[in-house]
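**Q** Contents of final31.pdb (PDB, C-alpha atoms, pLDDT in the B column) are given next:
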ATOM      1  CA  MET A 133     -22.219 140.226 -59.317  1.00 84.00           C
ATOM      2  CA  ASP A 134     -20.423 137.108 -58.166  1.00 93.00           C
ATOM      3  CA  THR A 135     -22.034 133.761 -57.391  1.00 94.00           C
ATOM      4  CA  MET A 136     -21.878 134.251 -53.621  1.00 94.00           C
ATOM      5  CA  ALA A 137     -23.806 137.519 -53.930  1.00 95.00           C
ATOM      6  CA  ILE A 138     -26.427 135.750 -56.054  1.00 97.00           C
ATOM      7  CA  LEU A 139     -26.752 132.948 -53.506  1.00 96.00           C
ATOM      8  CA  LYS A 140     -27.422 135.459 -50.713  1.00 96.00           C
ATOM      9  CA  GLU A 141     -30.511 136.636 -52.627  1.00 97.00           C
ATOM     10  CA  PHE A 142     -32.138 133.238 -51.966  1.00 97.00           C
ATOM     11  CA  THR A 143     -32.899 131.307 -48.822  1.00 97.00           C
ATOM     12  CA  PRO A 144     -30.765 128.148 -48.641  1.00 97.00           C
ATOM     13  CA  GLU A 145     -33.585 125.756 -49.507  1.00 96.00           C
ATOM     14  CA  LYS A 146     -33.407 123.084 -52.196  1.00 95.00           C
ATOM     15  CA  ASP A 147     -36.711 124.382 -53.585  1.00 96.00           C
ATOM     16  CA  ASN A 148     -34.739 127.436 -54.764  1.00 97.00           C
ATOM     17  CA  MET A 149     -32.211 125.423 -56.768  1.00 98.00           C
ATOM     18  CA  LEU A 150     -33.697 126.099 -60.223  1.00 97.00           C
ATOM     19  CA  ASN A 151     -34.058 129.832 -59.575  1.00 97.00           C
ATOM     20  CA  ILE A 152     -30.519 129.995 -58.206  1.00 98.00           C
ATOM     21  CA  LEU A 153     -29.109 128.133 -61.218  1.00 98.00           C
ATOM     22  CA  HIS A 154     -30.958 130.430 -63.638  1.00 96.00           C
ATOM     23  CA  ALA A 155     -29.641 133.511 -61.827  1.00 97.00           C
ATOM     24  CA  VAL A 156     -26.077 132.153 -61.805  1.00 98.00           C
ATOM     25  CA  GLN A 157     -26.181 131.258 -65.507  1.00 96.00           C
ATOM     26  CA  ASP A 158     -27.812 134.582 -66.468  1.00 93.00           C
ATOM     27  CA  ASN A 159     -25.030 136.401 -64.634  1.00 94.00           C
ATOM     28  CA  ASN A 160     -22.321 134.634 -66.643  1.00 95.00           C
ATOM     29  CA  PRO A 161     -21.530 136.516 -69.894  1.00 91.00           C
ATOM     30  CA  GLN A 162     -20.951 133.158 -71.598  1.00 93.00           C
ATOM     31  CA  ASN A 163     -24.371 131.794 -70.556  1.00 93.00           C
ATOM     32  CA  TYR A 164     -23.227 128.721 -68.661  1.00 96.00           C
ATOM     33  CA  ILE A 165     -22.735 127.311 -65.175  1.00 98.00           C
ATOM     34  CA  THR A 166     -19.157 126.601 -64.167  1.00 97.00           C
ATOM     35  CA  THR A 167     -17.900 123.696 -62.059  1.00 97.00           C
ATOM     36  CA  GLU A 168     -17.094 126.189 -59.306  1.00 97.00           C
ATOM     37  CA  ASP A 169     -20.655 127.565 -59.457  1.00 98.00           C
ATOM     38  CA  ILE A 170     -22.066 124.052 -59.044  1.00 98.00           C
ATOM     39  CA  LYS A 171     -19.831 123.484 -56.004  1.00 97.00           C
ATOM     40  CA  LEU A 172     -20.934 126.778 -54.434  1.00 97.00           C
ATOM     41  CA  VAL A 173     -24.623 126.066 -55.044  1.00 98.00           C
ATOM     42  CA  ALA A 174     -24.288 122.566 -53.593  1.00 98.00           C
ATOM     43  CA  SER A 175     -22.550 123.874 -50.498  1.00 97.00           C
ATOM     44  CA  TYR A 176     -25.079 126.684 -50.037  1.00 97.00           C
ATOM     45  CA  LEU A 177     -28.018 124.276 -50.340  1.00 97.00           C
ATOM     46  CA  ASN A 178     -26.315 121.652 -48.174  1.00 97.00           C
ATOM     47  CA  THR A 179     -26.483 119.015 -50.880  1.00 97.00           C
ATOM     48  CA  THR A 180     -24.024 117.133 -53.058  1.00 97.00           C
ATOM     49  CA  TYR A 181     -22.228 118.321 -56.143  1.00 98.00           C
ATOM     50  CA  SER A 182     -23.773 115.444 -58.096  1.00 97.00           C
ATOM     51  CA  ALA A 183     -27.305 116.472 -57.046  1.00 97.00           C
ATOM     52  CA  VAL A 184     -26.811 119.971 -58.473  1.00 98.00           C
ATOM     53  CA  TYR A 185     -24.900 118.704 -61.515  1.00 98.00           C
ATOM     54  CA  GLY A 186     -27.731 116.246 -62.223  1.00 97.00           C
ATOM     55  CA  VAL A 187     -30.247 119.100 -62.285  1.00 97.00           C
ATOM     56  CA  VAL A 188     -28.009 121.180 -64.561  1.00 97.00           C
ATOM     57  CA  LYS A 189     -27.576 118.289 -67.004  1.00 94.00           C
ATOM     58  CA  TYR A 190     -31.259 117.285 -66.912  1.00 92.00           C
ATOM     59  CA  TYR A 191     -32.719 120.643 -67.942  1.00 88.00           C
ATOM     60  CA  SER A 192     -31.871 121.743 -71.469  1.00 84.00           C
ATOM     61  CA  MET A 193     -32.002 125.414 -70.480  1.00 87.00           C
ATOM     62  CA  PHE A 194     -28.788 124.976 -68.482  1.00 93.00           C
ATOM     63  CA  SER A 195     -25.317 124.443 -69.883  1.00 95.00           C
ATOM     64  CA  VAL A 196     -21.928 123.464 -68.488  1.00 96.00           C
ATOM     65  CA  LYS A 197     -20.221 124.696 -71.682  1.00 94.00           C
ATOM     66  CA  PRO A 198     -19.683 128.330 -72.656  1.00 94.00           C
ATOM     67  CA  ARG A 199     -22.282 129.581 -75.133  1.00 95.00           C
ATOM     68  CA  GLY A 200     -22.851 132.648 -77.258  1.00 95.00           C
ATOM     69  CA  LYS A 201     -24.477 135.868 -76.162  1.00 94.00           C
ATOM     70  CA  TYR A 202     -27.644 134.791 -77.995  1.00 95.00           C
ATOM     71  CA  VAL A 203     -28.761 131.243 -77.281  1.00 95.00           C
ATOM     72  CA  ILE A 204     -31.124 130.096 -80.026  1.00 95.00           C
ATOM     73  CA  ARG A 205     -33.364 127.148 -79.203  1.00 93.00           C
ATOM     74  CA  VAL A 206     -35.305 125.588 -82.071  1.00 93.00           C
ATOM     75  CA  CYS A 207     -38.311 123.506 -81.120  1.00 89.00           C
ATOM     76  CA  LYS A 208     -38.167 119.961 -82.435  1.00 87.00           C
ATOM     77  CA  SER A 209     -41.492 118.737 -81.037  1.00 86.00           C
ATOM     78  CA  PRO A 210     -43.637 116.619 -83.372  1.00 86.00           C
ATOM     79  CA  VAL A 211     -45.821 119.613 -84.259  1.00 85.00           C
ATOM     80  CA  CYS A 212     -42.870 121.867 -85.092  1.00 82.00           C
ATOM     81  CA  HIS A 213     -41.232 118.987 -86.949  1.00 81.00           C
ATOM     82  CA  MET A 214     -44.340 118.636 -89.133  1.00 85.00           C
ATOM     83  CA  MET A 215     -44.229 122.383 -89.729  1.00 82.00           C
ATOM     84  CA  SER A 216     -40.717 122.209 -91.231  1.00 80.00           C
ATOM     85  CA  THR A 217     -38.277 122.545 -88.354  1.00 77.00           C
ATOM     86  CA  LYS A 218     -35.551 121.186 -90.654  1.00 80.00           C
ATOM     87  CA  THR A 219     -36.156 124.040 -93.091  1.00 87.00           C
ATOM     88  CA  ILE A 220     -36.038 126.512 -90.205  1.00 88.00           C
ATOM     89  CA  ILE A 221     -32.739 125.062 -88.944  1.00 90.00           C
ATOM     90  CA  ASP A 222     -31.298 125.229 -92.474  1.00 92.00           C
ATOM     91  CA  GLU A 223     -32.384 128.866 -92.737  1.00 92.00           C
ATOM     92  CA  ILE A 224     -30.768 129.689 -89.391  1.00 93.00           C
ATOM     93  CA  LYS A 225     -27.560 127.988 -90.566  1.00 92.00           C
ATOM     94  CA  ASN A 226     -27.650 130.143 -93.715  1.00 91.00           C
ATOM     95  CA  ASN A 227     -27.987 133.298 -91.605  1.00 91.00           C
ATOM     96  CA  ILE A 228     -25.455 132.667 -88.847  1.00 93.00           C
ATOM     97  CA  GLY A 229     -23.252 129.887 -90.216  1.00 93.00           C
ATOM     98  CA  ILE A 230     -23.561 127.326 -87.418  1.00 94.00           C
ATOM     99  CA  GLY A 231     -25.437 124.081 -86.852  1.00 92.00           C
ATOM    100  CA  ILE A 232     -27.150 122.533 -83.842  1.00 92.00           C
ATOM    101  CA  GLY A 233     -24.785 122.324 -80.865  1.00 92.00           C
ATOM    102  CA  GLU A 234     -22.373 124.897 -82.266  1.00 94.00           C
ATOM    103  CA  THR A 235     -21.319 128.393 -81.210  1.00 95.00           C
ATOM    104  CA  SER A 236     -20.250 131.047 -83.690  1.00 94.00           C
ATOM    105  CA  THR A 237     -16.566 132.006 -83.694  1.00 92.00           C
ATOM    106  CA  ASP A 238     -17.473 135.558 -82.622  1.00 91.00           C
ATOM    107  CA  LEU A 239     -19.268 134.041 -79.568  1.00 92.00           C
ATOM    108  CA  LEU A 240     -22.449 135.841 -80.570  1.00 94.00           C
ATOM    109  CA  PHE A 241     -24.699 132.826 -81.272  1.00 96.00           C
ATOM    110  CA  THR A 242     -25.222 129.290 -80.005  1.00 96.00           C
ATOM    111  CA  LEU A 243     -27.757 127.060 -81.761  1.00 96.00           C
ATOM    112  CA  GLU A 244     -29.538 124.359 -79.756  1.00 93.00           C
ATOM    113  CA  SER A 245     -32.609 122.209 -80.194  1.00 90.00           C
ATOM    114  CA  SER A 246     -35.346 121.890 -77.613  1.00 88.00           C
ATOM    115  CA  GLU A 247     -37.967 119.205 -77.077  1.00 83.00           C
ATOM    116  CA  CYS A 248     -40.884 121.648 -76.808  1.00 86.00           C
ATOM    117  CA  LEU A 249     -41.202 125.377 -76.334  1.00 89.00           C
ATOM    118  CA  GLY A 250     -44.933 125.254 -75.594  1.00 89.00           C
ATOM    119  CA  HIS A 251     -46.304 127.197 -78.560  1.00 90.00           C
ATOM    120  CA  CYS A 252     -47.564 124.368 -80.759  1.00 88.00           C
ATOM    121  CA  ALA A 253     -50.458 126.383 -82.193  1.00 90.00           C
ATOM    122  CA  LYS A 254     -47.950 128.867 -83.640  1.00 91.00           C
ATOM    123  CA  ALA A 255     -45.373 126.375 -84.990  1.00 89.00           C
ATOM    124  CA  PRO A 256     -42.614 126.417 -86.045  1.00 92.00           C
ATOM    125  CA  VAL A 257     -41.087 128.195 -83.058  1.00 92.00           C
ATOM    126  CA  MET A 258     -37.691 129.235 -81.715  1.00 95.00           C
ATOM    127  CA  MET A 259     -36.457 131.137 -78.678  1.00 94.00           C
ATOM    128  CA  ILE A 260     -33.547 133.526 -78.600  1.00 95.00           C
ATOM    129  CA  ASN A 261     -32.585 133.886 -74.960  1.00 92.00           C
ATOM    130  CA  ASP A 262     -35.965 134.594 -73.318  1.00 88.00           C
ATOM    131  CA  LYS A 263     -37.875 135.806 -76.385  1.00 95.00           C
ATOM    132  CA  VAL A 264     -40.131 133.446 -78.364  1.00 95.00           C
ATOM    133  CA  PHE A 265     -40.513 133.763 -82.144  1.00 96.00           C
ATOM    134  CA  LYS A 266     -43.551 132.040 -83.670  1.00 94.00           C
ATOM    135  CA  GLU A 267     -44.858 131.040 -87.095  1.00 93.00           C
ATOM    136  CA  LEU A 268     -41.371 131.202 -88.524  1.00 93.00           C
ATOM    137  CA  ASP A 269     -40.485 131.292 -92.183  1.00 92.00           C
ATOM    138  CA  SER A 270     -37.314 132.206 -94.065  1.00 91.00           C
ATOM    139  CA  VAL A 271     -38.202 135.920 -94.284  1.00 93.00           C
ATOM    140  CA  LYS A 272     -38.896 136.214 -90.548  1.00 94.00           C
ATOM    141  CA  ILE A 273     -35.674 134.397 -89.717  1.00 94.00           C
ATOM    142  CA  LYS A 274     -33.619 136.597 -92.013  1.00 94.00           C
ATOM    143  CA  ASN A 275     -35.158 139.746 -90.478  1.00 96.00           C
ATOM    144  CA  ILE A 276     -34.584 138.524 -86.909  1.00 96.00           C
ATOM    145  CA  PHE A 277     -30.884 137.868 -87.463  1.00 95.00           C
ATOM    146  CA  GLN A 278     -30.338 141.038 -89.498  1.00 94.00           C
ATOM    147  CA  SER A 279     -31.842 143.016 -86.629  1.00 94.00           C
ATOM    148  CA  ILE A 280     -29.628 141.328 -84.027  1.00 95.00           C
ATOM    149  CA  LYS A 281     -26.493 141.840 -86.120  1.00 91.00           C
ATOM    150  CA  MET A 282     -27.339 145.515 -86.720  1.00 92.00           C
ATOM    151  CA  ASN A 283     -27.956 146.074 -83.006  1.00 91.00           C
ATOM    152  CA  GLU A 284     -24.606 144.473 -82.196  1.00 90.00           C
ATOM    153  CA  GLN A 285     -22.778 146.647 -84.744  1.00 88.00           C
ATOM    154  CA  ASN A 286     -24.342 149.788 -83.260  1.00 87.00           C
ATOM    155  CA  LYS A 287     -23.058 149.040 -79.740  1.00 76.00           C
TER
END
Before anything else, please render the file you have as structure tokens.

**A**
Amino acid sequence: MDTMAILKEFTPEKDNMLNILHAVQDNNPQNYITTEDIKLVASYLNTTYSAVYGVVKYYSMFSVKPRGKYVIRVCKSPVCHMMSTKTIIDEIKNNIGIGIGETSTDLLFTLESSECLGHCAKAPVMMINDKVFKELDSVKIKNIFQSIKMNEQNK
């Protein structure tokens, strides 16, 4: 589906901007919003490019750079930090070979940090795309990434 078809699913009201941007980004196989997409959204909502770009840059869930198929967000809130976020990030690096802000060469994974994922009682936490993983430890992380890699090999 192209961006124009996505736009037609929404009424041209600025209140729909976040939902439109999520739909546009989710439709892109590289999980990002292009400059052309921002221009189309701005035109459709009768607003400026900079207004839409500002929203895209403000929210950490949006990206203007291509990302991997699986976007991993590690919570770095104070609670998760106290529950060893650094150890979790190191374990992720050991499993997929990339650090925060990087994308794997096979374009399978992108690793990002997030201010809060809203699951403090179950810290440490990460999200992979829309799925939340709680109470993480090295064994859980290893199993999560082994499962993803096996699923990808079986496609």

**Q** Kindly resolve the PyMOL selection byres ((chain A and resi 202-214) around 7) on the present coordinates and return the residues as a ChimeraX atom specification.

**A** /A:200-201,215-217,240-249,252,255-261

**Q** Quick one: of A:Ala155, A:Val188, A:Ile230, A:Ile221, who's nearest to Ile170 (chain A), counting only C-alpha atoms?

**A**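 Using only C-alpha atoms, Ile170 (chain A) sits closest to A:Val188.
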
**Q** With 12 Å as the threshold, what does the neighbourhood of (-30.2, 140.9, -84.8) contain in terms of residues, counting all atoms listed in the file? Coordinates are those of the file; answer as a list in words.

**A**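 In the file's frame, the residues around the point are Lys201, Tyr202, Ile204, Asn227, Ile228, Leu240, Phe241, Ile260, Lys272, Ile273, Lys274, Asn275, Ile276, Phe277, Gln278, Ser279, Ile280, Lys281, Met282, Asn283, Glu284, Gln285, Asn286 and Lys287 of chain A.
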
**Q** Draw an axis-aligned box over all listed atoms of region 224-239 of chain A, pad each side with 6 Å, and write its centre and edge lengths in Å, one decimal, as AutoDock Vina command-line options.

**A**
--center_x -23.7 --center_y 128.9 --center_z -86.6 --size_x 26.2 --size_y 25.2 --size_z 26.1

**Q** With a distance cut-off of 9 Å and all atoms listed in the file, select the neighbouring residues of region 150-153 of chain A, excluding the residue or stretch itself and same-chain residues fewer than 3 positions from it, and output the selection as a list of chain:residue names.

**A** A:Ile138, A:Leu139, A:Glu141, A:Phe142, A:Lys146, A:Asp147, A:Val156, A:Gln157, A:Asp158, A:Ile165, A:Asp169, A:Ile170, A:Val173, A:Val184, A:Val187, A:Val188, A:Phe194

**Q** Using only C-alpha atoms, can you tell me which of A:Asp222, A:Thr135, A:Ala174, A:Val264 comes closest to His154 (chain A)?

**A** A:Thr135

**Q** Rounded to one decimal, what separation in Å do you get between CA of Val196 (chain A) and CA of Leu268 (chain A)?

**A**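 Between CA of Val196 (chain A) and CA of Leu268 (chain A) the gap works out to 29.0 Å.
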
**Q** Identify which of the residues A:Asn159, A:Ser192, A:Ser270, A:Ser182 lies closest to Lys225 (chain A), counting all atoms listed in the file when measuring atom-to-atom distances.

**A**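 Closest candidate: A:Ser270.
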
**Q** Choose the residue, out of A:Asn226, A:Pro198, A:Ile232, A:Met193, that has the smallest atom-to-atom separation from Asp262 (chain A); count only C-alpha atoms.

**A**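 When distances to Asp262 (chain A) are compared using only C-alpha atoms, the smallest one comes from A:Met193.
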
**Q** Just checking: using only C-alpha atoms, which residue out of A:Tyr164, A:Phe265, A:Tyr181, A:Tyr176 ends up closest to Lys197 (chain A)?

**A**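 Between A:Tyr164, A:Phe265, A:Tyr181, A:Tyr176, the residue approaching Lys197 (chain A) most closely is A:Tyr164.
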
**Q** Given the choices A:Glu223, A:Asn160, A:Met149, A:Gly229, which gets closest to Ala183 (chain A) if the distance is worked out from only C-alpha atoms?

**A**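 Nearest candidate to Ala183 (chain A) out of A:Glu223, A:Asn160, A:Met149, A:Gly229: A:Met149.
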
**Q** Between CA of Met133 (chain A) and CA of Thr235 (chain A), what is the distance in Å, rounded to a tenth?

**A** 24.9 Å

**Q** Rounded to one decimal place, report the CA of Asn163 (chain A)-CA of Lys218 (chain A) distance in Å.

**A**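 Distance between the two atoms: 25.3 Å.
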
**Q** Please supply region 167-194 of chain A, rebuilt with N, CA and C atoms, as a compact mmCIF listing (two decimals), in the frame of the given file.

**A**
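Heads up, here's the output in result_12.txt:
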# COMPACT_ATOMS: atom_id res chain seq x y z
N THR A 167 -18.10 124.71 -63.09
CA THR A 167 -17.90 123.70 -62.06
C THR A 167 -17.86 124.35 -60.68
N GLU A 168 -17.18 125.47 -60.58
CA GLU A 168 -17.09 126.19 -59.31
C GLU A 168 -18.47 126.67 -58.86
N ASP A 169 -19.29 127.14 -59.80
CA ASP A 169 -20.66 127.56 -59.46
C ASP A 169 -21.46 126.40 -58.89
N ILE A 170 -21.33 125.24 -59.51
CA ILE A 170 -22.07 124.05 -59.04
C ILE A 170 -21.63 123.70 -57.63
N LYS A 171 -20.33 123.77 -57.35
CA LYS A 171 -19.83 123.48 -56.00
C LYS A 171 -20.40 124.47 -54.98
N LEU A 172 -20.42 125.75 -55.35
CA LEU A 172 -20.93 126.78 -54.43
C LEU A 172 -22.42 126.59 -54.16
N VAL A 173 -23.18 126.29 -55.21
CA VAL A 173 -24.62 126.07 -55.04
C VAL A 173 -24.86 124.85 -54.16
N ALA A 174 -24.14 123.78 -54.40
CA ALA A 174 -24.29 122.57 -53.59
C ALA A 174 -23.99 122.84 -52.12
N SER A 175 -22.91 123.55 -51.87
CA SER A 175 -22.55 123.87 -50.50
C SER A 175 -23.62 124.75 -49.85
N TYR A 176 -24.07 125.75 -50.57
CA TYR A 176 -25.08 126.68 -50.04
C TYR A 176 -26.39 125.96 -49.71
N LEU A 177 -26.76 125.00 -50.54
CA LEU A 177 -28.02 124.28 -50.34
C LEU A 177 -27.84 123.01 -49.50
N ASN A 178 -26.62 122.81 -49.01
CA ASN A 178 -26.32 121.65 -48.17
C ASN A 178 -26.71 120.34 -48.88
N THR A 179 -26.25 120.23 -50.11
CA THR A 179 -26.48 119.02 -50.88
C THR A 179 -25.19 118.64 -51.59
N THR A 180 -25.24 117.60 -52.39
CA THR A 180 -24.02 117.13 -53.06
C THR A 180 -23.82 117.82 -54.40
N TYR A 181 -22.57 117.82 -54.82
CA TYR A 181 -22.23 118.32 -56.14
C TYR A 181 -23.03 117.57 -57.20
N SER A 182 -23.10 116.25 -57.08
CA SER A 182 -23.77 115.44 -58.10
C SER A 182 -25.28 115.74 -58.15
N ALA A 183 -25.88 116.12 -57.04
CA ALA A 183 -27.30 116.47 -57.05
C ALA A 183 -27.53 117.73 -57.88
N VAL A 184 -26.68 118.72 -57.71
CA VAL A 184 -26.81 119.97 -58.47
C VAL A 184 -26.43 119.73 -59.93
N TYR A 185 -25.34 119.01 -60.15
CA TYR A 185 -24.90 118.70 -61.52
C TYR A 185 -25.99 117.94 -62.26
N GLY A 186 -26.65 117.01 -61.60
CA GLY A 186 -27.73 116.25 -62.22
C GLY A 186 -28.87 117.15 -62.69
N VAL A 187 -29.20 118.15 -61.90
CA VAL A 187 -30.25 119.10 -62.28
C VAL A 187 -29.79 119.92 -63.49
N VAL A 188 -28.55 120.38 -63.45
CA VAL A 188 -28.01 121.18 -64.56
C VAL A 188 -28.03 120.38 -65.86
N LYS A 189 -27.62 119.12 -65.79
CA LYS A 189 -27.58 118.29 -67.00
C LYS A 189 -28.97 117.86 -67.47
N TYR A 190 -29.92 117.74 -66.56
CA TYR A 190 -31.26 117.28 -66.91
C TYR A 190 -32.02 118.34 -67.72
N TYR A 191 -31.95 119.58 -67.29
CA TYR A 191 -32.72 120.64 -67.94
C TYR A 191 -31.94 121.25 -69.11
N SER A 192 -32.55 121.26 -70.27
CA SER A 192 -31.87 121.74 -71.47
C SER A 192 -31.60 123.25 -71.44
N MET A 193 -32.24 123.97 -70.57
CA MET A 193 -32.00 125.41 -70.48
C MET A 193 -30.67 125.75 -69.81
N PHE A 194 -30.08 124.75 -69.14
CA PHE A 194 -28.79 124.98 -68.48
C PHE A 194 -27.67 124.38 -69.33
